[in-house]
$ cat model.csv   # CSV, C-alpha atoms
chain,number,residue,atom,x,y,z
A,976,MET,CA,19.3,12.5,44.0
A,977,LYS,CA,20.7,10.2,41.4
A,978,PRO,CA,17.5,8.2,40.9
A,979,ILE,CA,15.7,11.5,40.1
A,980,LEU,CA,18.4,12.4,37.5
A,981,THR,CA,18.1,8.9,36.0
A,982,ARG,CA,14.3,9.3,35.7
A,983,ILE,CA,14.7,12.7,34.0
A,984,ALA,CA,17.2,11.3,31.6
A,985,VAL,CA,15.0,8.3,30.7
A,986,GLY,CA,12.0,10.7,30.3
A,987,ILE,CA,14.0,12.9,27.9
A,988,ALA,CA,15.1,9.9,26.0
A,989,ILE,CA,11.5,8.7,25.6
A,990,VAL,CA,10.4,12.1,24.4
A,991,PHE,CA,13.2,12.2,21.8
A,992,LEU,CA,12.4,8.7,20.7
A,993,LEU,CA,8.7,9.5,20.1
A,994,ALA,CA,9.6,12.7,18.3
A,995,SER,CA,12.0,10.9,16.0
A,996,CYS,CA,9.3,8.3,15.2
A,997,THR,CA,7.0,11.1,14.0
A,998,THR,CA,9.8,12.7,12.1
A,999,LEU,CA,10.6,9.4,10.4
A,1000,GLN,CA,7.0,8.8,9.4
A,1001,ARG,CA,6.7,12.3,8.0
A,1002,MET,CA,9.9,11.8,5.9
A,1003,SER,CA,8.5,8.5,4.6
A,1004,ASP,CA,5.2,10.1,3.7
A,1005,GLU,CA,7.0,12.9,1.9
A,1006,GLN,CA,9.3,10.5,0.0
A,1007,GLY,CA,6.2,8.5,-1.0
A,1008,ALA,CA,4.3,11.6,-2.2
A,1009,SER,CA,7.4,12.8,-4.1
A,1010,TRP,CA,7.8,9.4,-5.8
A,1011,VAL,CA,4.2,9.2,-6.9
A,1012,ALA,CA,4.3,12.8,-8.2
A,1013,ARG,CA,7.5,12.3,-10.0
A,1014,GLN,CA,6.3,9.1,-11.8
A,1015,LEU,CA,3.0,10.7,-12.8
A,1016,ASN,CA,4.5,14.0,-13.8
A,1017,GLU,CA,7.2,12.3,-15.9
A,1018,GLY,CA,4.7,10.0,-17.5
A,1019,ASP,CA,6.2,6.8,-16.1
A,1020,THR,CA,2.9,4.9,-16.0
A,1021,ALA,CA,4.7,1.6,-16.2
A,1022,ALA,CA,6.3,2.2,-12.8
A,1023,LEU,CA,3.0,3.2,-11.3
A,1024,ALA,CA,1.2,0.2,-12.8
A,1025,ALA,CA,3.9,-2.1,-11.6
A,1026,LEU,CA,3.6,-1.0,-8.0
A,1027,SER,CA,-0.2,-0.9,-8.1
A,1028,ALA,CA,-1.9,-3.6,-6.1
A,1029,SER,CA,-4.4,-5.9,-7.7
A,1030,PRO,CA,-7.2,-5.3,-7.0
A,1031,PHE,CA,-6.8,-1.5,-7.0
A,1032,LEU,CA,-9.3,0.9,-5.5
A,1033,LEU,CA,-10.2,3.9,-7.8
A,1034,ASP,CA,-12.7,6.5,-6.7
A,1035,GLY,CA,-14.6,3.9,-4.6
A,1036,GLU,CA,-14.6,1.3,-7.4
A,1037,ILE,CA,-12.5,-1.9,-7.3
A,1038,ILE,CA,-10.4,-2.5,-10.4
A,1039,ALA,CA,-9.7,-6.2,-10.6
A,1040,LEU,CA,-7.3,-6.5,-13.5
A,1041,PRO,CA,-3.8,-5.1,-13.5
A,1042,GLU,CA,-4.2,-4.1,-17.2
A,1043,ASP,CA,-7.1,-1.9,-16.3
A,1044,THR,CA,-5.0,-0.2,-13.6
A,1045,ALA,CA,-2.3,0.4,-16.2
A,1046,VAL,CA,-5.0,2.0,-18.5
A,1047,PHE,CA,-6.0,4.2,-15.6
A,1048,TRP,CA,-2.5,5.5,-15.1
A,1049,ASP,CA,-2.1,6.1,-18.8
A,1050,GLY,CA,-5.3,8.1,-18.8
A,1051,MET,CA,-4.1,10.3,-15.9
A,1052,VAL,CA,-1.0,11.2,-17.9
A,1053,LYS,CA,-2.9,11.8,-21.1
A,1054,ALA,CA,-5.4,14.0,-19.2
A,1055,GLY,CA,-2.5,16.1,-18.1
A,1056,LEU,CA,-2.8,15.5,-14.4
A,1057,LYS,CA,0.3,16.9,-12.6
A,1058,LEU,CA,0.9,16.6,-8.9
A,1059,GLU,CA,2.9,18.7,-6.5
A,1060,ALA,CA,5.6,16.7,-4.8
A,1061,GLU,CA,4.4,17.4,-1.3
A,1062,VAL,CA,2.1,16.0,1.3
A,1063,SER,CA,-0.9,18.2,2.3
A,1064,ARG,CA,-2.1,15.5,4.7
A,1065,ALA,CA,-1.1,12.0,5.7
A,1066,VAL,CA,-3.4,9.7,7.6
A,1067,GLU,CA,-2.7,6.5,9.4
A,1068,ILE,CA,-5.2,3.8,8.3
A,1069,LYS,CA,-7.7,3.3,11.1
A,1070,GLY,CA,-11.2,1.8,11.5
A,1071,ASP,CA,-13.1,4.3,9.4
A,1072,THR,CA,-10.4,5.7,7.1
A,1073,TRP,CA,-12.0,3.8,4.2
A,1074,ARG,CA,-14.8,6.3,4.1
A,1075,GLU,CA,-12.4,8.9,2.6
A,1076,LEU,CA,-12.2,6.7,-0.6
A,1077,GLY,CA,-15.8,5.6,-0.8
A,1078,SER,CA,-18.9,4.9,1.2
A,1079,SER,CA,-19.9,1.4,0.0
A,1080,ARG,CA,-19.5,-1.8,1.8
A,1081,ASP,CA,-17.2,-2.9,-1.0
A,1082,VAL,CA,-14.7,-0.2,-0.1
A,1083,GLN,CA,-14.9,-1.2,3.6
A,1084,VAL,CA,-14.2,-4.8,2.7
A,1085,PHE,CA,-11.4,-3.8,0.3
A,1086,PHE,CA,-9.6,-2.0,3.2
A,1087,GLY,CA,-10.0,-5.0,5.5
A,1088,LYS,CA,-8.9,-7.6,3.0
A,1089,TYR,CA,-6.3,-6.0,0.8
A,1090,VAL,CA,-4.8,-2.9,2.5
A,1091,LYS,CA,-1.7,-4.1,4.4
A,1092,GLU,CA,-0.7,-2.8,7.9
A,1093,GLY,CA,1.4,0.3,7.7
A,1094,ALA,CA,-0.4,1.8,4.7
A,1095,ARG,CA,-1.1,5.5,4.7
A,1096,LEU,CA,-3.6,7.8,3.0
A,1097,LEU,CA,-1.7,10.7,1.4
A,1098,GLU,CA,-3.3,13.8,0.2
A,1099,LEU,CA,-1.3,15.6,-2.6
A,1100,PRO,CA,-2.2,18.9,-4.3
A,1101,THR,CA,-2.4,19.1,-8.0
A,1102,THR,CA,-0.7,21.9,-9.9
A,1103,SER,CA,-4.1,23.2,-10.8
A,1104,GLY,CA,-5.1,23.7,-7.1
A,1105,ARG,CA,-7.2,20.6,-6.7
A,1106,ARG,CA,-6.1,17.5,-4.7
A,1107,VAL,CA,-5.9,13.7,-4.9
A,1108,LEU,CA,-5.8,10.9,-2.3
A,1109,VAL,CA,-3.3,8.1,-2.7
A,1110,LEU,CA,-3.5,4.9,-0.7
A,1111,TYR,CA,0.2,4.1,-0.3
A,1112,ARG,CA,2.5,1.8,1.7
A,1113,SER,CA,6.3,1.8,1.9
A,1114,SER,CA,8.2,-0.8,3.8
A,1115,TRP,CA,12.0,-1.4,3.7
A,1116,GLY,CA,12.5,-0.2,0.1
A,1117,SER,CA,9.3,-1.6,-1.4
A,1118,ARG,CA,6.3,0.5,-2.4
A,1119,ASN,CA,2.7,-0.4,-3.0
A,1120,LEU,CA,-0.2,1.7,-4.3
A,1121,TYR,CA,-3.6,0.4,-3.2
A,1122,GLY,CA,-5.9,3.1,-4.4
A,1123,PHE,CA,-6.4,6.6,-5.8
A,1124,LYS,CA,-9.2,9.2,-5.6
A,1125,GLY,CA,-9.5,12.5,-7.4
A,1126,PRO,CA,-8.8,15.0,-8.5
A,1127,PHE,CA,-11.4,16.9,-6.5
$ encode --input "model.csv" --output "C-alpha cells"
Amino acid sequence: MKPILTRIAVGIAIVFLLASCTTLQRMSDEQGASWVARQLNEGDTAALAALSASPFLLDGEIIALPEDTAVFWDGMVKAGLKLEAEVSRAVEIKGDTWRELGSSRDVQVFFGKYVKEGARLLELPTTSGRRVLVLYRSSWGSRNLYGFKGPF
C-alpha cells in the first residue's frame, strides 16, 4: 500500500512542478510586455534602444546599425504608438515561428543566427485596438529586444 501512496505523491508533485513552470513563464511574459509598454508609453526610447539587439528585425527587415534602431523607437513615440501592458499571446520560438515576423530567407536566417534560446514572441494590443509583435528575451534580470512588427 505504501508504494502506491508514494507513486501518487510523486505524481502530484510532478503535476505541481509542471504547472508552476507554466505559471512562471506566463509571469515572465507579462513582466516583459509590461516593461516594453511602459518604456514606449513613457517615451523612454533610450532604454528600448539600449536593450535592442544589433542587428534588429523590424517588420521583416534587418536593421544593422544601433543608431537606426534608436531612430525607429523615437519614431514610434513621435507617431503616438501606445501599448497596453498585457500579453494577448506569447509564443515559444520554434522551427517556423520566424514566419510571424516575415517570409523571407533573411528573416529565417536572422532567427537561426541572432535570436537566443529562451526568446519569446509576445503579442501586445495597442490602445487603438491594433496589435504589435515583440521578439523578446528575459534571463536572470537581463532583457533583450530582437525584433518588432506592427502595428497591424
$ closest_residue --input "model.csv" --among "A:Val1090, A:Val1046, A:Val1011, A:Leu1096" --to "Ala1028 in chain A" --atoms "only C-alpha atoms"
A:Val1090
$ residues_around --input "model.csv" --residues "Glu1075 in chain A" --least-positions-apart "5" --cutoff "10 Å" --atoms "only C-alpha atoms" --output "list in words"
Asp1034, Gly1035, Val1082, Leu1096, Leu1108 and Lys1124 of chain A
$ atom_distance --input "model.csv" --atom1 "CA of Leu1032 in chain A" --atom2 "CA of Leu1056 in chain A"
18.3 Å
$ closest_residue --input "model.csv" --among "A:Arg1112, A:Arg1118, A:Arg1013, A:Lys1057" --to "Gly1093 in chain A" --atoms "only C-alpha atoms"
A:Arg1112
$ residues_around --input "model.csv" --residues "Thr1102 in chain A" --least-positions-apart "6" --cutoff "12 Å" --atoms "all atoms listed in the file" --output "VMD selection string"
chain A and resid 1012 1016 1055 to 1061 1126
$ atom_distance --input "model.csv" --atom1 "CA of Ser1027 in chain A" --atom2 "CA of Val1109 in chain A"
10.9 Å
$ closest_residue --input "model.csv" --among "A:Asp1049, A:Tyr1121, A:Phe1031, A:Ile1037" --to "Arg1080 in chain A" --atoms "all atoms listed in the file"
A:Ile1037
$ atom_distance --input "model.csv" --atom1 "CA of Ser1114 in chain A" --atom2 "CA of Leu1023 in chain A"
16.5 Å
$ residues_around --input "model.csv" --residues "Phe1086 in chain A" --least-positions-apart "5" --cutoff "12 Å" --atoms "all atoms listed in the file" --output "list in words"
Pro1030, Phe1031, Leu1032, Gly1035, Ile1037, Ile1068, Lys1069, Gly1070, Asp1071, Thr1072, Trp1073, Arg1074, Glu1075, Leu1076, Gly1077, Ser1078, Ser1079, Arg1080, Asp1081, Lys1091, Glu1092, Ala1094, Arg1095, Leu1096, Leu1110, Tyr1121 and Gly1122 of chain A
